[in-house]
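Visitor: Before I ask anything, here is the structure I am working with.
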Amino acid sequence: MVARRRKRAARDTEEGIPSPPGYSAIPIKFSEKQKASHYLYVREHRVREGTKSSWPQKRTLFVLNVPPYCTEECLACLLSPCGPVQSVELQGKPELTDSAKEPKSKFFHPKPVPGFQVAYVVFRKPNGVSAALALKGPLLVSTESRPVKSGIHKWISDYTDSVLDPEALRVEVDTFMEAYDRKMAEEEAKAKEEEGVPDGEGWVKVTRRGRRPVLPRTEAASLRVLEREKRKRARKELLNFYAWQHRETKMEHLAQLRKKFEEDKQRIELMRAQRKFRPY
């Protein structure tokens, strides 16, 4: 295998194709009018022994340097002469761990990765990978029989695709929610069965079932909580600890005395006007 890789790298070097170690270079062009070639770097997808992978071994081709104008459909068409293609998936960076994949949706999909990407191409037969590694180009992405939209035509197409069908969207949302409710019901039933049952070592799993649900907090309740916190902080503050606090306390006390004095004067004047003032 190492000798085969060295032979392939030496062949690419002789042909003037820049290729990283362990990869084969496939030149592609957007159309016949393009003079310069763009290179895809491909190799067979492998993982370390004992590591799980979501991609089938010996049938998956790992592709680097995929340009933005090359979609999954375009990549499948470019590699179709090597053998029937089962699936193509574009990603922003290589997949390092085996993570569960969520089913794709034509309505809810992640934001496309700008710039160049990597791709995982799965063939139906293992000989498709070996044929792709020996593939020579340049391959054309956009042809008369298979045109690829670009520029303003691509923008118009993307905008048209962004307008959703409400009925189809409702059907997909309902289907997803039914599957989600069914999954949650199964998990709840499983947790209920395992509640209080010791495992092989005699440990009993403690769950949060049976706790009283928390009532939703209203605006009035939130204000009461904030007022309570404010009073709690006020109690923790040290009164008249600094000199400026002592001065401010004296000034506030004098201001309250003056205010009370003025209020008493007004009340006395009112009682005199009503002839109810009896000082003795």
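Scheme for the structure tokens: letters A, B, ... for chains in order shown; per-chain residue numbers from 1; ligand numbers from 1 in order shown.
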Counting only C-alpha atoms, what is within 10 Å of segment 144-156 of chain A, bar same-chain residues fewer than 5 positions away, as a PyMOL selection string?
Guide: chain A and resi 30-31+69-71+74+77+161-162
Visitor: Output N, CA and C atoms for every residue in the selection just made, as a PDB file, in the first residue's frame.
Guide:
ATOM      1  N   PHE A  30     -14.446  24.469 -14.602  1.00  0.00           N
ATOM      2  CA  PHE A  30     -15.863  24.800 -14.522  1.00  0.00           C
ATOM      3  C   PHE A  30     -16.535  24.616 -15.878  1.00  0.00           C
ATOM      4  N   SER A  31     -15.884  25.058 -16.954  1.00  0.00           N
ATOM      5  CA  SER A  31     -16.422  24.913 -18.308  1.00  0.00           C
ATOM      6  C   SER A  31     -15.254  24.843 -19.279  1.00  0.00           C
ATOM      7  N   TYR A  69     -18.581  26.191  -6.260  1.00  0.00           N
ATOM      8  CA  TYR A  69     -19.551  25.964  -7.338  1.00  0.00           C
ATOM      9  C   TYR A  69     -19.824  24.491  -7.589  1.00  0.00           C
ATOM     10  N   CYS A  70     -19.088  23.607  -6.931  1.00  0.00           N
ATOM     11  CA  CYS A  70     -19.260  22.166  -7.119  1.00  0.00           C
ATOM     12  C   CYS A  70     -20.183  21.632  -6.026  1.00  0.00           C
ATOM     13  N   THR A  71     -21.422  21.357  -6.386  1.00  0.00           N
ATOM     14  CA  THR A  71     -22.402  20.859  -5.424  1.00  0.00           C
ATOM     15  C   THR A  71     -22.296  19.335  -5.299  1.00  0.00           C
ATOM     16  N   CYS A  74     -23.140  17.825  -8.639  1.00  0.00           N
ATOM     17  CA  CYS A  74     -22.037  17.955  -9.596  1.00  0.00           C
ATOM     18  C   CYS A  74     -20.934  16.948  -9.307  1.00  0.00           C
ATOM     19  N   CYS A  77     -21.933  13.517 -10.432  1.00  0.00           N
ATOM     20  CA  CYS A  77     -21.855  13.376 -11.890  1.00  0.00           C
ATOM     21  C   CYS A  77     -20.407  13.263 -12.363  1.00  0.00           C
ATOM     22  N   ASP A 161     -35.756  28.786  -4.543  1.00  0.00           N
ATOM     23  CA  ASP A 161     -35.780  27.608  -3.664  1.00  0.00           C
ATOM     24  C   ASP A 161     -36.048  27.981  -2.207  1.00  0.00           C
ATOM     25  N   SER A 162     -35.731  29.235  -1.824  1.00  0.00           N
ATOM     26  CA  SER A 162     -35.943  29.649  -0.435  1.00  0.00           C
ATOM     27  C   SER A 162     -37.416  29.915  -0.115  1.00  0.00           C
TER      28      SER A 162
END
Visitor: Suppose you want the space between atom CA of Ala189 of chain A and atom CA of Asp174 of chain A; what is it in Å?
Guide: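 So the two atoms, atom CA of Ala189 of chain A and atom CA of Asp174 of chain A, lie 22.4 Å apart.
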Visitor: Please extract the residues of segment 41-233 of chain A with a backbone DSSP assignment of alpha helix (DSSP H) and present them as a ChimeraX atom specification.
Guide: /A:72-79,127-133,152-162,166-194,219-233
Visitor: Once you have the residues from the selection above, write them out as a PDB file, in the first residue's frame, restricted to C-alpha atoms.
Guide:
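Generated output (result-v4.pdb):
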ATOM      1  CA  GLU A  72     -23.130  17.319  -4.277  1.00  0.00           C
ATOM      2  CA  GLU A  73     -24.965  16.610  -7.534  1.00  0.00           C
ATOM      3  CA  CYS A  74     -22.037  17.955  -9.596  1.00  0.00           C
ATOM      4  CA  LEU A  75     -19.536  15.847  -7.666  1.00  0.00           C
ATOM      5  CA  ALA A  76     -21.675  12.743  -8.127  1.00  0.00           C
ATOM      6  CA  CYS A  77     -21.855  13.376 -11.890  1.00  0.00           C
ATOM      7  CA  LEU A  78     -18.077  13.942 -12.127  1.00  0.00           C
ATOM      8  CA  LEU A  79     -17.318  10.634 -10.391  1.00  0.00           C
ATOM      9  CA  ASN A 127     -13.894  -0.818  -7.286  1.00  0.00           C
ATOM     10  CA  GLY A 128     -15.385   2.678  -7.656  1.00  0.00           C
ATOM     11  CA  VAL A 129     -12.803   4.049  -5.205  1.00  0.00           C
ATOM     12  CA  SER A 130      -9.844   2.517  -7.070  1.00  0.00           C
ATOM     13  CA  ALA A 131     -11.213   3.820 -10.375  1.00  0.00           C
ATOM     14  CA  ALA A 132     -11.558   7.330  -8.919  1.00  0.00           C
ATOM     15  CA  LEU A 133      -7.968   7.263  -7.662  1.00  0.00           C
ATOM     16  CA  ILE A 152     -27.180  36.051 -11.079  1.00  0.00           C
ATOM     17  CA  HIS A 153     -28.868  32.903 -12.389  1.00  0.00           C
ATOM     18  CA  LYS A 154     -27.684  31.029  -9.317  1.00  0.00           C
ATOM     19  CA  TRP A 155     -28.897  33.831  -7.032  1.00  0.00           C
ATOM     20  CA  ILE A 156     -32.340  33.749  -8.647  1.00  0.00           C
ATOM     21  CA  SER A 157     -32.459  29.966  -8.314  1.00  0.00           C
ATOM     22  CA  ASP A 158     -31.427  30.124  -4.636  1.00  0.00           C
ATOM     23  CA  TYR A 159     -34.101  32.739  -3.920  1.00  0.00           C
ATOM     24  CA  THR A 160     -36.763  30.673  -5.685  1.00  0.00           C
ATOM     25  CA  ASP A 161     -35.780  27.608  -3.664  1.00  0.00           C
ATOM     26  CA  SER A 162     -35.943  29.649  -0.435  1.00  0.00           C
ATOM     27  CA  PRO A 166     -46.611  26.023   3.565  1.00  0.00           C
ATOM     28  CA  GLU A 167     -48.484  22.735   3.210  1.00  0.00           C
ATOM     29  CA  ALA A 168     -45.335  20.666   2.623  1.00  0.00           C
ATOM     30  CA  LEU A 169     -43.654  22.442   5.533  1.00  0.00           C
ATOM     31  CA  ARG A 170     -46.610  21.671   7.814  1.00  0.00           C
ATOM     32  CA  VAL A 171     -46.518  17.982   6.836  1.00  0.00           C
ATOM     33  CA  GLU A 172     -42.789  17.733   7.580  1.00  0.00           C
ATOM     34  CA  VAL A 173     -43.128  19.529  10.931  1.00  0.00           C
ATOM     35  CA  ASP A 174     -46.030  17.269  11.947  1.00  0.00           C
ATOM     36  CA  THR A 175     -44.037  14.180  10.966  1.00  0.00           C
ATOM     37  CA  PHE A 176     -41.033  15.363  12.969  1.00  0.00           C
ATOM     38  CA  MET A 177     -43.121  16.167  16.048  1.00  0.00           C
ATOM     39  CA  GLU A 178     -44.849  12.777  15.916  1.00  0.00           C
ATOM     40  CA  ALA A 179     -41.479  11.032  15.785  1.00  0.00           C
ATOM     41  CA  TYR A 180     -40.184  13.252  18.614  1.00  0.00           C
ATOM     42  CA  ASP A 181     -43.221  12.572  20.821  1.00  0.00           C
ATOM     43  CA  ARG A 182     -42.883   8.855  20.184  1.00  0.00           C
ATOM     44  CA  LYS A 183     -39.191   8.955  21.096  1.00  0.00           C
ATOM     45  CA  MET A 184     -39.857  10.907  24.311  1.00  0.00           C
ATOM     46  CA  ALA A 185     -42.639   8.496  25.289  1.00  0.00           C
ATOM     47  CA  GLU A 186     -40.299   5.538  24.797  1.00  0.00           C
ATOM     48  CA  GLU A 187     -37.565   7.195  26.886  1.00  0.00           C
ATOM     49  CA  GLU A 188     -40.036   8.020  29.647  1.00  0.00           C
ATOM     50  CA  ALA A 189     -41.381   4.464  29.696  1.00  0.00           C
ATOM     51  CA  LYS A 190     -37.845   3.077  29.813  1.00  0.00           C
ATOM     52  CA  ALA A 191     -36.888   5.426  32.664  1.00  0.00           C
ATOM     53  CA  LYS A 192     -40.030   4.425  34.563  1.00  0.00           C
ATOM     54  CA  GLU A 193     -39.160   0.741  34.192  1.00  0.00           C
ATOM     55  CA  GLU A 194     -35.584   1.293  35.403  1.00  0.00           C
ATOM     56  CA  GLU A 219     -43.976  39.612  36.077  1.00  0.00           C
ATOM     57  CA  ALA A 220     -45.318  40.396  39.552  1.00  0.00           C
ATOM     58  CA  ALA A 221     -43.466  37.434  41.013  1.00  0.00           C
ATOM     59  CA  SER A 222     -40.270  38.535  39.293  1.00  0.00           C
ATOM     60  CA  LEU A 223     -40.639  42.033  40.791  1.00  0.00           C
ATOM     61  CA  ARG A 224     -41.129  40.568  44.259  1.00  0.00           C
ATOM     62  CA  VAL A 225     -37.993  38.467  43.870  1.00  0.00           C
ATOM     63  CA  LEU A 226     -35.987  41.504  42.738  1.00  0.00           C
ATOM     64  CA  GLU A 227     -37.288  43.553  45.682  1.00  0.00           C
ATOM     65  CA  ARG A 228     -36.381  40.750  48.072  1.00  0.00           C
ATOM     66  CA  GLU A 229     -32.869  40.569  46.655  1.00  0.00           C
ATOM     67  CA  LYS A 230     -32.536  44.330  46.929  1.00  0.00           C
ATOM     68  CA  ARG A 231     -33.500  44.268  50.609  1.00  0.00           C
ATOM     69  CA  LYS A 232     -31.104  41.402  51.232  1.00  0.00           C
ATOM     70  CA  ARG A 233     -28.232  43.347  49.690  1.00  0.00           C
TER      71      ARG A 233
END
Visitor: Could you give me the residues within segment 19-140 of chain A that DSSP places in strand (DSSP E), as a PyMOL selection string?
Guide: chain A and resi 24-29+38-44+60-66+85-91+117-123+139-140
